[in-house]
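Participant: File follows, input_13.tsv with TSV, N, CA and C atoms:
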chain	number	residue	atom	x	y	z
N	1	THR	N	0.84	-1.18	0.00
N	1	THR	CA	0.00	0.00	0.00
N	1	THR	C	0.88	1.24	0.00
N	2	PHE	N	0.34	2.30	-0.54
N	2	PHE	CA	1.06	3.55	-0.66
N	2	PHE	C	0.52	4.55	0.35
N	3	GLU	N	1.41	5.27	0.99
N	3	GLU	CA	1.00	6.32	1.90
N	3	GLU	C	0.66	7.57	1.07
N	4	SER	N	0.09	8.56	1.71
N	4	SER	CA	-0.32	9.76	0.97
N	4	SER	C	0.85	10.68	0.64
N	5	GLU	N	1.93	10.57	1.36
N	5	GLU	CA	3.11	11.40	1.08
N	5	GLU	C	4.05	10.70	0.11
N	6	PRO	N	4.85	11.48	-0.62
N	6	PRO	CA	5.83	10.85	-1.53
N	6	PRO	C	6.84	10.02	-0.75
N	7	PRO	N	7.41	9.00	-1.39
N	7	PRO	CA	8.46	8.21	-0.73
N	7	PRO	C	9.72	9.06	-0.60
N	8	VAL	N	10.76	8.50	0.09
N	8	VAL	CA	12.06	9.15	0.05
N	8	VAL	C	12.35	9.28	-1.43
N	9	GLN	N	12.48	10.48	-1.91
N	9	GLN	CA	12.28	10.66	-3.33
N	9	GLN	C	13.49	11.08	-4.14
N	10	VAL	N	13.36	10.82	-5.41
N	10	VAL	CA	14.26	11.33	-6.43
N	10	VAL	C	13.83	12.77	-6.63
N	11	ASN	N	14.74	13.72	-6.54
N	11	ASN	CA	14.37	15.13	-6.61
N	11	ASN	C	14.78	15.84	-7.89
N	12	ARG	N	15.81	15.37	-8.54
N	12	ARG	CA	16.29	16.09	-9.73
N	12	ARG	C	15.32	15.90	-10.88
N	13	PHE	N	14.91	17.01	-11.49
N	13	PHE	CA	13.95	16.98	-12.58
N	13	PHE	C	14.43	16.08	-13.72
N	14	ALA	N	15.72	16.15	-14.05
N	14	ALA	CA	16.27	15.32	-15.13
N	14	ALA	C	16.10	13.83	-14.82
N	15	ASP	N	16.29	13.45	-13.55
N	15	ASP	CA	16.12	12.04	-13.17
N	15	ASP	C	14.65	11.62	-13.23
N	16	VAL	N	13.76	12.52	-12.79
N	16	VAL	CA	12.33	12.25	-12.85
N	16	VAL	C	11.90	12.03	-14.30
N	17	ARG	N	12.37	12.89	-15.19
N	17	ARG	CA	12.03	12.78	-16.61
N	17	ARG	C	12.60	11.51	-17.22
N	18	SER	N	13.85	11.19	-16.88
N	18	SER	CA	14.49	9.99	-17.41
N	18	SER	C	13.78	8.72	-16.95
N	19	LEU	N	13.45	8.64	-15.66
N	19	LEU	CA	12.74	7.47	-15.14
N	19	LEU	C	11.34	7.37	-15.73
N	20	ASN	N	10.69	8.51	-15.98
N	20	ASN	CA	9.37	8.54	-16.60
N	20	ASN	C	9.43	7.87	-17.97
N	21	GLY	N	10.40	8.27	-18.80
N	21	GLY	CA	10.54	7.68	-20.14
N	21	GLY	C	10.90	6.21	-20.08
N	22	ALA	N	11.78	5.86	-19.15
N	22	ALA	CA	12.20	4.46	-19.03
N	22	ALA	C	11.03	3.57	-18.59
N	23	LEU	N	10.20	4.06	-17.66
N	23	LEU	CA	9.05	3.28	-17.20
N	23	LEU	C	8.08	3.07	-18.35
N	24	LYS	N	7.79	4.12	-19.09
N	24	LYS	CA	6.86	3.98	-20.22
N	24	LYS	C	7.38	2.96	-21.22
N	25	GLN	N	8.67	3.05	-21.56
N	25	GLN	CA	9.24	2.11	-22.53
N	25	GLN	C	9.22	0.69	-22.01
N	26	THR	N	9.51	0.50	-20.73
N	26	THR	CA	9.47	-0.84	-20.13
N	26	THR	C	8.07	-1.44	-20.21
N	27	ILE	N	7.06	-0.63	-19.92
N	27	ILE	CA	5.68	-1.12	-19.99
N	27	ILE	C	5.32	-1.50	-21.42
N	28	VAL	N	5.63	-0.62	-22.37
N	28	VAL	CA	5.31	-0.89	-23.77
N	28	VAL	C	6.04	-2.14	-24.26
N	29	ASP	N	7.31	-2.27	-23.90
N	29	ASP	CA	8.10	-3.42	-24.35
N	29	ASP	C	7.63	-4.75	-23.75
N	30	ASN	N	7.00	-4.70	-22.58
N	30	ASN	CA	6.62	-5.93	-21.88
N	30	ASN	C	5.15	-6.30	-21.95
N	31	ARG	N	4.35	-5.50	-22.61
N	31	ARG	CA	2.94	-5.88	-22.74
N	31	ARG	C	2.78	-6.84	-23.90
N	32	ASP	N	1.84	-7.75	-23.76
N	32	ASP	CA	1.60	-8.74	-24.81
N	32	ASP	C	0.98	-8.08	-26.03
N	33	GLN	N	0.08	-7.15	-25.78
N	33	GLN	CA	-0.58	-6.39	-26.85
N	33	GLN	C	-1.19	-5.15	-26.21
N	34	PRO	N	-1.46	-4.11	-26.99
N	34	PRO	CA	-2.12	-2.95	-26.39
N	34	PRO	C	-3.46	-3.34	-25.78
N	35	ARG	N	-3.80	-2.74	-24.67
N	35	ARG	CA	-5.07	-2.99	-23.99
N	35	ARG	C	-6.09	-1.97	-24.47
N	36	PHE	N	-7.22	-2.42	-24.96
N	36	PHE	CA	-8.29	-1.53	-25.41
N	36	PHE	C	-9.48	-1.69	-24.47
N	37	GLY	N	-10.29	-0.67	-24.35
N	37	GLY	CA	-11.45	-0.67	-23.46
N	37	GLY	C	-11.39	0.57	-22.59
N	38	ASP	N	-12.09	0.56	-21.49
N	38	ASP	CA	-12.10	1.71	-20.60
N	38	ASP	C	-10.68	2.02	-20.11
N	39	ALA	N	-10.39	3.29	-19.94
N	39	ALA	CA	-9.09	3.70	-19.40
N	39	ALA	C	-8.96	3.21	-17.96
N	40	ILE	N	-7.77	2.76	-17.60
N	40	ILE	CA	-7.48	2.32	-16.23
N	40	ILE	C	-6.18	2.97	-15.78
N	41	SER	N	-6.10	3.27	-14.49
N	41	SER	CA	-4.95	3.99	-13.94
N	41	SER	C	-4.36	3.27	-12.74
N	42	TYR	N	-3.05	3.42	-12.59
N	42	TYR	CA	-2.31	2.82	-11.48
N	42	TYR	C	-1.30	3.82	-10.94
N	43	ARG	N	-1.03	3.69	-9.66
N	43	ARG	CA	0.09	4.40	-9.05
N	43	ARG	C	1.23	3.40	-9.03
N	44	VAL	N	2.34	3.76	-9.63
N	44	VAL	CA	3.48	2.84	-9.76
N	44	VAL	C	4.71	3.49	-9.14
N	45	ARG	N	5.37	2.76	-8.25
N	45	ARG	CA	6.60	3.25	-7.60
N	45	ARG	C	7.82	2.67	-8.31
N	46	VAL	N	8.77	3.56	-8.59
N	46	VAL	CA	10.00	3.19	-9.29
N	46	VAL	C	11.17	3.69	-8.45
N	47	SER	N	12.15	2.81	-8.20
N	47	SER	CA	13.34	3.22	-7.46
N	47	SER	C	14.26	4.00	-8.39
N	48	GLU	N	15.25	4.67	-7.82
N	48	GLU	CA	16.12	5.52	-8.62
N	48	GLU	C	16.95	4.75	-9.64
N	49	ASP	N	17.05	3.43	-9.49
N	49	ASP	CA	17.77	2.64	-10.50
N	49	ASP	C	16.82	2.13	-11.59
N	50	GLY	N	15.54	2.53	-11.54
N	50	GLY	CA	14.58	2.15	-12.57
N	50	GLY	C	13.77	0.90	-12.27
N	51	THR	N	13.96	0.29	-11.11
N	51	THR	CA	13.21	-0.91	-10.74
N	51	THR	C	11.80	-0.55	-10.30
N	52	VAL	N	10.81	-1.21	-10.87
N	52	VAL	CA	9.43	-1.06	-10.41
N	52	VAL	C	9.33	-1.81	-9.09
N	53	THR	N	9.00	-1.10	-8.02
N	53	THR	CA	8.97	-1.73	-6.71
N	53	THR	C	7.55	-1.97	-6.18
N	54	GLY	N	6.55	-1.45	-6.89
N	54	GLY	CA	5.17	-1.68	-6.47
N	54	GLY	C	4.20	-0.93	-7.36
N	55	TYR	N	2.94	-1.30	-7.23
N	55	TYR	CA	1.88	-0.61	-7.96
N	55	TYR	C	0.59	-0.75	-7.18
N	56	GLU	N	-0.32	0.17	-7.44
N	56	GLU	CA	-1.61	0.16	-6.76
N	56	GLU	C	-2.68	0.61	-7.74
N	57	PRO	N	-3.74	-0.16	-7.92
N	57	PRO	CA	-4.84	0.28	-8.79
N	57	PRO	C	-5.49	1.53	-8.20
N	58	VAL	N	-5.90	2.45	-9.07
N	58	VAL	CA	-6.54	3.67	-8.62
N	58	VAL	C	-8.00	3.43	-8.26
N	59	ASP	N	-8.65	2.47	-8.93
N	59	ASP	CA	-10.06	2.18	-8.65
N	59	ASP	C	-10.35	0.70	-8.93
N	60	SER	N	-11.60	0.30	-8.74
N	60	SER	CA	-11.96	-1.11	-8.90
N	60	SER	C	-11.84	-1.59	-10.35
N	61	SER	N	-12.05	-0.71	-11.31
N	61	SER	CA	-11.88	-1.09	-12.72
N	61	SER	C	-10.43	-1.48	-12.99
N	62	ALA	N	-9.52	-0.68	-12.47
N	62	ALA	CA	-8.09	-0.97	-12.64
N	62	ALA	C	-7.71	-2.25	-11.90
N	63	GLU	N	-8.29	-2.45	-10.72
N	63	GLU	CA	-8.01	-3.66	-9.95
N	63	GLU	C	-8.42	-4.91	-10.73
N	64	GLY	N	-9.58	-4.86	-11.37
N	64	GLY	CA	-10.07	-6.00	-12.12
N	64	GLY	C	-9.34	-6.25	-13.42
N	65	ALA	N	-8.62	-5.24	-13.91
N	65	ALA	CA	-7.94	-5.37	-15.20
N	65	ALA	C	-6.43	-5.55	-15.08
N	66	ILE	N	-5.92	-5.74	-13.87
N	66	ILE	CA	-4.47	-5.82	-13.68
N	66	ILE	C	-3.83	-6.93	-14.53
N	67	SER	N	-4.52	-8.03	-14.74
N	67	SER	CA	-3.95	-9.13	-15.52
N	67	SER	C	-3.80	-8.76	-17.00
N	68	GLU	N	-4.43	-7.68	-17.43
N	68	GLU	CA	-4.31	-7.22	-18.81
N	68	GLU	C	-3.14	-6.26	-18.99
N	69	THR	N	-2.38	-6.04	-17.93
N	69	THR	CA	-1.22	-5.14	-17.97
N	69	THR	C	0.04	-5.95	-17.64
N	70	PRO	N	1.21	-5.41	-17.97
N	70	PRO	CA	2.45	-6.10	-17.60
N	70	PRO	C	2.94	-5.78	-16.20
N	71	LEU	N	2.22	-4.95	-15.45
N	71	LEU	CA	2.72	-4.48	-14.15
N	71	LEU	C	3.10	-5.60	-13.18
N	72	PRO	N	2.29	-6.64	-12.99
N	72	PRO	CA	2.69	-7.67	-12.01
N	72	PRO	C	4.04	-8.31	-12.30
N	73	LYS	N	4.37	-8.51	-13.56
N	73	LYS	CA	5.64	-9.16	-13.87
N	73	LYS	C	6.83	-8.20	-13.88
N	74	LEU	N	6.58	-6.91	-13.74
N	74	LEU	CA	7.66	-5.92	-13.74
N	74	LEU	C	8.21	-5.62	-12.35
N	75	VAL	N	7.51	-6.05	-11.31
N	75	VAL	CA	7.90	-5.70	-9.95
N	75	VAL	C	9.16	-6.44	-9.54
N	76	GLY	N	10.14	-5.65	-9.07
N	76	GLY	CA	11.39	-6.19	-8.54
N	76	GLY	C	11.50	-5.78	-7.08
N	77	SER	N	12.64	-6.02	-6.48
N	77	SER	CA	12.79	-5.68	-5.07
N	77	SER	C	13.72	-4.49	-4.90
N	78	SER	N	13.54	-3.81	-3.79
N	78	SER	CA	14.34	-2.65	-3.44
N	78	SER	C	14.18	-2.45	-1.94
N	79	THR	N	15.12	-1.75	-1.33
N	79	THR	CA	15.00	-1.49	0.09
N	79	THR	C	14.06	-0.31	0.32
N	80	ALA	N	13.44	-0.28	1.46
N	80	ALA	CA	12.50	0.79	1.79
N	80	ALA	C	13.18	2.15	1.86
N	81	GLU	N	14.47	2.16	2.11
N	81	GLU	CA	15.21	3.42	2.22
N	81	GLU	C	15.65	3.96	0.86
N	82	SER	N	15.52	3.18	-0.20
N	82	SER	CA	15.95	3.62	-1.52
N	82	SER	C	15.11	4.79	-1.99
N	83	ALA	N	15.78	5.75	-2.63
N	83	ALA	CA	15.05	6.87	-3.23
N	83	ALA	C	14.15	6.32	-4.32
N	84	ALA	N	12.95	6.87	-4.42
N	84	ALA	CA	11.97	6.38	-5.38
N	84	ALA	C	11.06	7.53	-5.80
N	85	ILE	N	10.26	7.26	-6.80
N	85	ILE	CA	9.27	8.22	-7.25
N	85	ILE	C	8.02	7.45	-7.66
N	86	ASP	N	6.88	8.07	-7.43
N	86	ASP	CA	5.61	7.47	-7.83
N	86	ASP	C	5.14	8.10	-9.14
N	87	TYR	N	4.64	7.26	-10.03
N	87	TYR	CA	4.11	7.71	-11.31
N	87	TYR	C	2.66	7.29	-11.46
N	88	ARG	N	1.92	8.07	-12.22
N	88	ARG	CA	0.56	7.70	-12.63
N	88	ARG	C	0.72	7.04	-14.00
N	89	VAL	N	0.27	5.81	-14.11
N	89	VAL	CA	0.30	5.07	-15.38
N	89	VAL	C	-1.14	4.85	-15.82
N	90	VAL	N	-1.45	5.33	-17.02
N	90	VAL	CA	-2.79	5.19	-17.56
N	90	VAL	C	-2.72	4.37	-18.84
N	91	PHE	N	-3.54	3.33	-18.89
N	91	PHE	CA	-3.73	2.57	-20.12
N	91	PHE	C	-5.03	3.13	-20.71
N	92	THR	N	-4.91	3.90	-21.79
N	92	THR	CA	-6.09	4.60	-22.32
N	92	THR	C	-7.00	3.64	-23.08
N	93	GLU	N	-8.21	4.13	-23.39
N	93	GLU	CA	-9.19	3.32	-24.13
N	93	GLU	C	-8.71	2.97	-25.53
N	94	ARG	N	-7.73	3.70	-26.05
N	94	ARG	CA	-7.20	3.43	-27.40
N	94	ARG	C	-5.93	2.60	-27.40
N	95	GLY	N	-5.52	2.13	-26.24
N	95	GLY	CA	-4.35	1.28	-26.16
N	95	GLY	C	-3.04	2.02	-25.94
N	96	VAL	N	-3.11	3.30	-25.67
N	96	VAL	CA	-1.91	4.11	-25.44
N	96	VAL	C	-1.54	4.06	-23.96
N	97	VAL	N	-0.23	4.03	-23.68
N	97	VAL	CA	0.26	4.08	-22.31
N	97	VAL	C	0.72	5.51	-22.03
N	98	GLU	N	0.17	6.11	-20.98
N	98	GLU	CA	0.58	7.44	-20.56
N	98	GLU	C	1.22	7.34	-19.18
N	99	VAL	N	2.36	8.01	-19.01
N	99	VAL	CA	3.08	7.98	-17.73
N	99	VAL	C	3.42	9.42	-17.34
N	100	SER	N	3.15	9.78	-16.09
N	100	SER	CA	3.50	11.10	-15.58
N	100	SER	C	3.74	10.99	-14.08
N	101	PRO	N	4.50	11.92	-13.51
N	101	PRO	CA	4.72	11.88	-12.06
N	101	PRO	C	3.40	11.98	-11.30
N	102	TRP	N	3.25	11.17	-10.27
N	102	TRP	CA	2.03	11.13	-9.47
N	102	TRP	C	1.69	12.51	-8.91
N	103	TRP	N	2.69	13.24	-8.47
N	103	TRP	CA	2.49	14.55	-7.85
N	103	TRP	C	2.53	15.67	-8.88
N	104	GLY	N	2.66	15.34	-10.16
N	104	GLY	CA	2.69	16.35	-11.22
N	104	GLY	C	4.11	16.81	-11.52
N	105	TRP	N	4.32	17.29	-12.72
N	105	TRP	CA	5.65	17.76	-13.13
N	105	TRP	C	6.10	18.95	-12.31
N	106	SER	N	5.19	19.86	-11.99
N	106	SER	CA	5.57	21.09	-11.28
N	106	SER	C	6.12	20.81	-9.89
N	107	TYR	N	5.78	19.68	-9.31
N	107	TYR	CA	6.27	19.31	-7.99
N	107	TYR	C	7.80	19.19	-7.99
N	108	TYR	N	8.37	18.81	-9.12
N	108	TYR	CA	9.81	18.55	-9.22
N	108	TYR	C	10.59	19.69	-9.86
N	109	GLU	N	9.92	20.73	-10.29
N	109	GLU	CA	10.63	21.86	-10.93
N	109	GLU	C	11.19	22.80	-9.91
As a first step, turn the structure in this file into structure tokens.

Facilitator:
Amino acid sequence: TFESEPPVQVNRFADVRSLNGALKQTIVDNRDQPRFGDAISYRVRVSEDGTVTGYEPVDSSAEGAISETPLPKLVGSSTAESAAIDYRVVFTERGVVEVSPWWGWSYYE
């Protein structure tokens, strides 16, 4: 489960942007096929080395559709003290993957 505050975090904007792109590419590269249907969203935690350390469905639709995403097989391990960042991952109704910082880009500027 995720707390309401950010984790011990990655603060440099360049790192946030780099991890954002890497997470999106990892998801696209590891999905079996694009997911079509209602948009679903997840909160995904990524450590500063790019390891996905957890995810949480935003609502019940996302919870029921987790098997249609590559997220479960992407989770690796990391220590709780590792710097990390949370991202919002959206699988849109058209099969597009959108990734952005959970707290918004302006939080890191």

Participant: Rounded to one decimal place, report the CA of Glu98 in chain N-CA of Val16 in chain N distance in Å.

Facilitator: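 Separating CA of Glu98 in chain N from CA of Val16 in chain N is a distance of 14.9 Å.
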
Participant: Using all atoms listed in the file, which of N:Val90, N:Arg12, N:Ile40, N:Ser18 sits nearest Ala65 in chain N?

Facilitator: N:Ile40

Participant: Find the spatial neighbours of Ser47 in chain N, counting all atoms listed in the file, within a cut-off of 6.5 Å - ignore same-chain residues fewer than 4 positions away - and output them as number ranges by chain.

Facilitator: N: 51-53, 82-85

Participant: When you draw a straight line from CA of Asp15 in chain N to atom N of Gly50 in chain N, how long is it in Å?

Facilitator: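 Between these atoms lies a distance of 9.7 Å.
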
Participant: Would you please extract all helix (DSSP H, G or I) residues from chain N, as assigned by DSSP on the backbone, and give them as a ChimeraX atom specification?

Facilitator: /N:13-30,60-64,66-68,71-74,105-108

Participant: Report the residues of chain N whose backbone DSSP state falls under strand (DSSP E), written as a list in words.

Facilitator: Ile40, Ser41, Tyr42, Arg43, Val44, Arg45, Val46, Ser47, Val52, Thr53, Gly54, Tyr55, Glu56, Pro57, Ala84, Ile85, Asp86, Tyr87, Arg88, Val89, Val90, Phe91, Val97, Glu98, Val99, Ser100 and Pro101 of chain N

Participant: Nearest to Thr26 in chain N: which of N:Val89, N:Val58, N:Leu74, N:Val46 is it, counting only C-alpha atoms?

Facilitator: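 Looking only at the distances to Thr26 in chain N, the closest residue turns out to be N:Leu74.
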
Participant: One decimal, in Å: what's the spacing between atom N of Asp32 in chain N and CA of Ala62 in chain N?

Facilitator: 16.4 Å

Participant: Using only N, CA and C atoms, pick whichever of N:Val99, N:Lys24, N:Phe91, N:Asn11 has the shortest atom-to-atom distance to Ser41 in chain N.

Facilitator: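 Between N:Val99, N:Lys24, N:Phe91, N:Asn11, the residue approaching Ser41 in chain N most closely is N:Phe91.
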
Participant: Given all atoms listed in the file as the basis, pick out the residue of N:Asp86, N:Glu68, N:Glu63, N:Glu56 nearest to Arg31 in chain N.

Facilitator: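 Closest candidate: N:Glu68.
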
Participant: Which residue, N:Ser100, N:Ser60, N:Ser78, N:Thr92, has the smallest gap to Ala22 in chain N when you use only C-alpha atoms?

Facilitator: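 Among N:Ser100, N:Ser60, N:Ser78, N:Thr92, it is N:Ser100 that comes nearest to Ala22 in chain N.
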
Participant: Give me, as a PDB file with N, CA and C atoms, in the coordinates of the input, all polymer residues having an atom no more than 9 Å from Phe13 in chain N, counting only C-alpha atoms and skipping those fewer than 3 positions away in the same chain.

Facilitator:
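The result, written out as selection.pdb:
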ATOM      1  N   VAL N  10      13.360  10.820  -5.410  1.00  0.00           N
ATOM      2  CA  VAL N  10      14.260  11.330  -6.430  1.00  0.00           C
ATOM      3  C   VAL N  10      13.830  12.770  -6.630  1.00  0.00           C
ATOM      4  N   VAL N  16      13.760  12.520 -12.790  1.00  0.00           N
ATOM      5  CA  VAL N  16      12.330  12.250 -12.850  1.00  0.00           C
ATOM      6  C   VAL N  16      11.900  12.030 -14.300  1.00  0.00           C
ATOM      7  N   ARG N  17      12.370  12.890 -15.190  1.00  0.00           N
ATOM      8  CA  ARG N  17      12.030  12.780 -16.610  1.00  0.00           C
ATOM      9  C   ARG N  17      12.600  11.510 -17.220  1.00  0.00           C
ATOM     10  N   SER N  18      13.850  11.190 -16.880  1.00  0.00           N
ATOM     11  CA  SER N  18      14.490   9.990 -17.410  1.00  0.00           C
ATOM     12  C   SER N  18      13.780   8.720 -16.950  1.00  0.00           C
ATOM     13  N   TRP N 105       4.320  17.290 -12.720  1.00  0.00           N
ATOM     14  CA  TRP N 105       5.650  17.760 -13.130  1.00  0.00           C
ATOM     15  C   TRP N 105       6.100  18.950 -12.310  1.00  0.00           C
ATOM     16  N   TYR N 108       8.370  18.810  -9.120  1.00  0.00           N
ATOM     17  CA  TYR N 108       9.810  18.550  -9.220  1.00  0.00           C
ATOM     18  C   TYR N 108      10.590  19.690  -9.860  1.00  0.00           C
ATOM     19  N   GLU N 109       9.920  20.730 -10.290  1.00  0.00           N
ATOM     20  CA  GLU N 109      10.630  21.860 -10.930  1.00  0.00           C
ATOM     21  C   GLU N 109      11.190  22.800  -9.910  1.00  0.00           C
TER      22      GLU N 109
END
